[in-house]
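Below: the structure, in C-alpha cells.
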Amino acid sequence: MHPDLGQLSPRQRELVDRWLPGATVERDHSWGLVGTTVLELRGPDGASYVVKAGDAGDHHIAREHAAHRQWLEPWTSIGRAPRLVHGDVEARLLVTEYLPGELVEGTAHEWDPDTYRQAGGLLVRLHGQSAVLDDGEFERRQKEETLAWLGRPHRIAAETAAVLTEEVETWPSPRSVVVPTHGDWQPRNWLVHEGHVGVIDFGRADVRPAYTDLGRLAAQQFRTRPELEEAFLDGYGSDPREPDTWLRLRIREAVGTAAWAFKVGDEAYEQQGHRMIADVVEELLANTGD
C-alpha cells in the first residue's frame, strides 16, 4: 500500500493501491476543518488525479458520486468539471481526473465580471437538466434545519436568536420547483484555466430550488460589487429569486453559517455568518416596523 496515504482508512488505501498502483502524492488539498481528505496524485500513467476520502461521519462523498453519475455531463463534456474515474460509496472514496486551473478565490479573477458571466452560463446548464415540483419537503426541511441550528450551541446574541426563532416558526411549507444544484456555488469552487471557468467540489450537490445556488454569492461578492451580480445574471439568463422564498433562504444561510462555523472553529467564517444575520434581522425589523 502507499506509505504516504496515512490520512486514509485501510480500506481506502487498499482501493487507491488497486486503482492507481504506484501513484505518488503530489499535494494535499484538504481543508482540515472537516473529515474529508483531498489529495492530488500522480498516477502510474503520468496523469494527475484527485482522491477524495471521507471519514466515518462523512455524507458528502455519496453526494459527489450521485452528482457525477447524474448531473455533471453538461460540464464534463466541455472540460469544465473533472470526470469520475473510480469510486466506492461504501468506502466513502472517489477518484477523479485532475482539472487544471487557478482557484478563483483570492485572485484577480474573483473580481472580474467575465468570471461571473461564465459562472452563470455554467450554472444554467446544470439547473436546466430537470425540474420537478416537490411536496413542500424543501421548505419543511429548511425550517427544521434553521430551528435546529438555533437550538444548538452558537454565539448568536440571545435577543437576536429570539427574533430569528419567532420568525422561522411562522414559515410556511409551500411546494417548490427543484432542480439539480451545486450547493456551494462560489469562487472557492471555481477554477480558471486559459480563460475558461471550471467547477470542482460536488459534496453539497442535491435537488433544490434554483435560487439556492445564489445564496453564497449574495452574501459575499454580490454584496459590495453589483456589477458582478449583473454579469452573473446576464450569463444565467434570468433571475430565479422571489422575495419571500429568497428571504427565508438568506435567514437559513445566515444562521447555518454562524452556527456551523462556531462548531468547527472557523472564526472568520463565523464572523461572516454574524454579518449575514445582522443584514437579515435589519430587514425583518424594517418589514415589521419595529
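Letters for chains follow the order of the C-alpha cells (A, B, ...), residue numbers begin at 1 for each chain, and ligand numbers begin at 1 in the order shown.
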
_Would you pick out the contacts of region 3-20 of chain A at 8 Å or less, using only C-alpha atoms, so that residues sharing its chain but fewer than 4 positions from it are not included, and give the list as an MDAnalysis selection string?_
chainID A and resid 24:25 37 43:44 53 55 86 91:93

*Polymer residues at most 9 Å from region 110-113 of chain A, only C-alpha atoms, same-chain spacing of 3 or more positions, as a ChimeraX atom specification*: /A:104-107,116-118,187,221,225,227-232

Write out the residues from the selection above, keeping C-alpha atoms, as a tab-separated table (two decimals), in the first residue's frame.
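As written to disk, out-v7.tsv reads:
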```
chain	number	residue	atom	x	y	z
A	104	VAL	CA	-10.66	31.91	-8.49
A	105	GLU	CA	-10.92	32.86	-4.82
A	106	GLY	CA	-8.23	35.28	-3.75
A	107	THR	CA	-7.13	36.20	-7.28
A	116	TYR	CA	-19.36	35.61	-13.16
A	117	ARG	CA	-20.83	35.74	-16.63
A	118	GLN	CA	-19.23	32.36	-17.35
A	187	PRO	CA	-15.29	31.35	-6.20
A	221	GLN	CA	-19.16	39.06	-3.70
A	225	ARG	CA	-19.97	44.54	-6.22
A	227	GLU	CA	-21.65	44.61	-11.41
A	228	LEU	CA	-20.66	41.02	-10.61
A	229	GLU	CA	-24.29	40.13	-9.88
A	230	GLU	CA	-25.35	41.80	-13.11
A	231	ALA	CA	-22.78	39.82	-15.10
A	232	PHE	CA	-23.80	36.58	-13.40
```

*asked:* Which of region 59-186 of chain A end up as strand (DSSP E or B) when DSSP is run on this backbone - answer as number ranges by chain?
replied: A: 84-88, 93-97, 102-103, 132-133, 177-181

Based on the selection just made, write N, CA and C atoms of those residues as a compact mmCIF listing (two decimals), in the first residue's frame.
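Produced file again01.txt, reproduced below:
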```txt
# COMPACT_ATOMS: atom_id res chain seq x y z
N LEU A 84 -15.34 11.50 -13.23
CA LEU A 84 -15.15 10.44 -12.25
C LEU A 84 -14.41 9.28 -12.90
N VAL A 85 -13.37 8.79 -12.22
CA VAL A 85 -12.57 7.67 -12.73
C VAL A 85 -12.86 6.39 -11.95
N HIS A 86 -12.86 6.49 -10.62
CA HIS A 86 -13.15 5.36 -9.75
C HIS A 86 -13.97 5.86 -8.57
N GLY A 87 -14.75 4.97 -7.98
CA GLY A 87 -15.49 5.36 -6.80
C GLY A 87 -16.04 4.18 -6.05
N ASP A 88 -16.18 4.35 -4.75
CA ASP A 88 -16.78 3.34 -3.89
C ASP A 88 -17.54 4.08 -2.81
N LEU A 93 -15.14 6.97 -0.87
CA LEU A 93 -13.92 7.25 -1.64
C LEU A 93 -14.25 7.47 -3.10
N LEU A 94 -13.61 8.45 -3.72
CA LEU A 94 -13.71 8.61 -5.17
C LEU A 94 -12.40 9.16 -5.72
N VAL A 95 -12.18 8.86 -6.99
CA VAL A 95 -11.03 9.36 -7.72
C VAL A 95 -11.55 10.03 -8.99
N THR A 96 -11.13 11.26 -9.22
CA THR A 96 -11.50 11.98 -10.45
C THR A 96 -10.24 12.39 -11.20
N GLU A 97 -10.44 12.74 -12.45
CA GLU A 97 -9.38 13.41 -13.18
C GLU A 97 -9.03 14.71 -12.47
N GLU A 102 -6.38 27.72 -12.02
CA GLU A 102 -6.08 28.52 -10.84
C GLU A 102 -7.37 28.77 -10.09
N LEU A 103 -7.34 28.54 -8.77
CA LEU A 103 -8.53 28.80 -7.97
C LEU A 103 -8.91 30.27 -8.07
N VAL A 132 -38.67 19.48 -11.13
CA VAL A 132 -39.87 18.80 -10.63
C VAL A 132 -40.45 19.61 -9.48
N LEU A 133 -41.72 19.42 -9.23
CA LEU A 133 -42.40 20.10 -8.13
C LEU A 133 -42.42 19.17 -6.93
N VAL A 177 -40.30 24.21 -6.93
CA VAL A 177 -39.70 23.60 -8.12
C VAL A 177 -38.22 23.36 -7.81
N VAL A 178 -37.80 22.10 -7.85
CA VAL A 178 -36.43 21.76 -7.51
C VAL A 178 -35.68 21.25 -8.73
N VAL A 179 -34.40 21.58 -8.78
CA VAL A 179 -33.54 21.26 -9.91
C VAL A 179 -32.20 20.75 -9.37
N PRO A 180 -31.34 20.17 -10.21
CA PRO A 180 -30.00 19.81 -9.73
C PRO A 180 -29.23 21.08 -9.37
N THR A 181 -28.66 21.13 -8.16
CA THR A 181 -27.90 22.29 -7.72
C THR A 181 -26.52 21.87 -7.24
```

*Would you mind reading off the distance between CA of Arg275 (chain A) and CA of Val255 (chain A), one decimal, in Å?*
10.3 Å

*Any idea what's packed within 9 Å of Leu214 (chain A), counting only C-alpha atoms, ignoring anything in its chain fewer than 5 positions away? Could you give it as a ChimeraX atom specification?*
/A:184-186,219,240-241

Find the residues around Glu169 (chain A) up to 10 Å (only C-alpha atoms counted), leave out those fewer than 6 positions away in its own chain, and share them as an mmCIF file with C-alpha atoms, in the first residue's frame.
```cif
data_model
loop_
_atom_site.group_PDB
_atom_site.id
_atom_site.type_symbol
_atom_site.label_atom_id
_atom_site.label_comp_id
_atom_site.auth_asym_id
_atom_site.auth_seq_id
_atom_site.Cartn_x
_atom_site.Cartn_y
_atom_site.Cartn_z
ATOM 1 C CA LYS A 143 -37.454 25.407 8.566
ATOM 2 C CA GLU A 144 -36.475 22.362 10.642
ATOM 3 C CA THR A 146 -32.828 26.525 10.842
ATOM 4 C CA LEU A 147 -34.596 25.887 14.142
#
```

*DSSP-assigned alpha helix (DSSP H) among region 161-225 of chain A, expressed as a ChimeraX atom specification*: /A:161-168,215-219,221-224

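The two atoms in question, CA of Asp135 (chain A) and CA of Leu123 (chain A), are spaced 24.4 Å apart.
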
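Of the listed residues (A:Tyr49, A:Tyr211, A:Trp31, A:Trp149), A:Tyr211 comes nearest to Arg250 (chain A); the distances count only C-alpha atoms.
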
_Residue nearest Ile200 (chain A) - candidates A:Glu40, A:Asp45, A:Glu64, A:Glu270, atoms counted: only C-alpha atoms_ =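 That would be A:Glu64, the residue with the smallest distance to Ile200 (chain A).
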
_Contacts of Arg27 (chain A) at 9 Å (only C-alpha atoms; same-chain gap of 5+ positions) as a VMD selection string_ = chain A and resid 38 to 41

*Which distance in Å separates CA of Asp201 (chain A) and CA of His182 (chain A), to one decimal?*
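Straight-line distance from CA of Asp201 (chain A) to CA of His182 (chain A) works out to 8.4 Å.
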
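Neighbouring residues of Glu145 (chain A) at 9 Å or closer, counting only C-alpha atoms and skipping chain neighbours under 4 positions away, are Arg140, Arg141, Trp149, Leu150, Arg252 and Gly256 of chain A.
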
Just the selected residues (C-alpha atoms), exported as an mmCIF file, in the first residue's frame, please.
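Dumped to result38.cif:
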```cif
data_model
loop_
_atom_site.group_PDB
_atom_site.id
_atom_site.type_symbol
_atom_site.label_atom_id
_atom_site.label_comp_id
_atom_site.auth_asym_id
_atom_site.auth_seq_id
_atom_site.Cartn_x
_atom_site.Cartn_y
_atom_site.Cartn_z
ATOM 1 C CA ARG A 140 -40.115 21.997 5.643
ATOM 2 C CA ARG A 141 -36.510 20.854 5.828
ATOM 3 C CA TRP A 149 -29.142 25.330 14.332
ATOM 4 C CA LEU A 150 -30.721 27.949 16.602
ATOM 5 C CA ARG A 252 -31.286 29.839 6.837
ATOM 6 C CA GLY A 256 -26.296 27.942 9.472
#
```
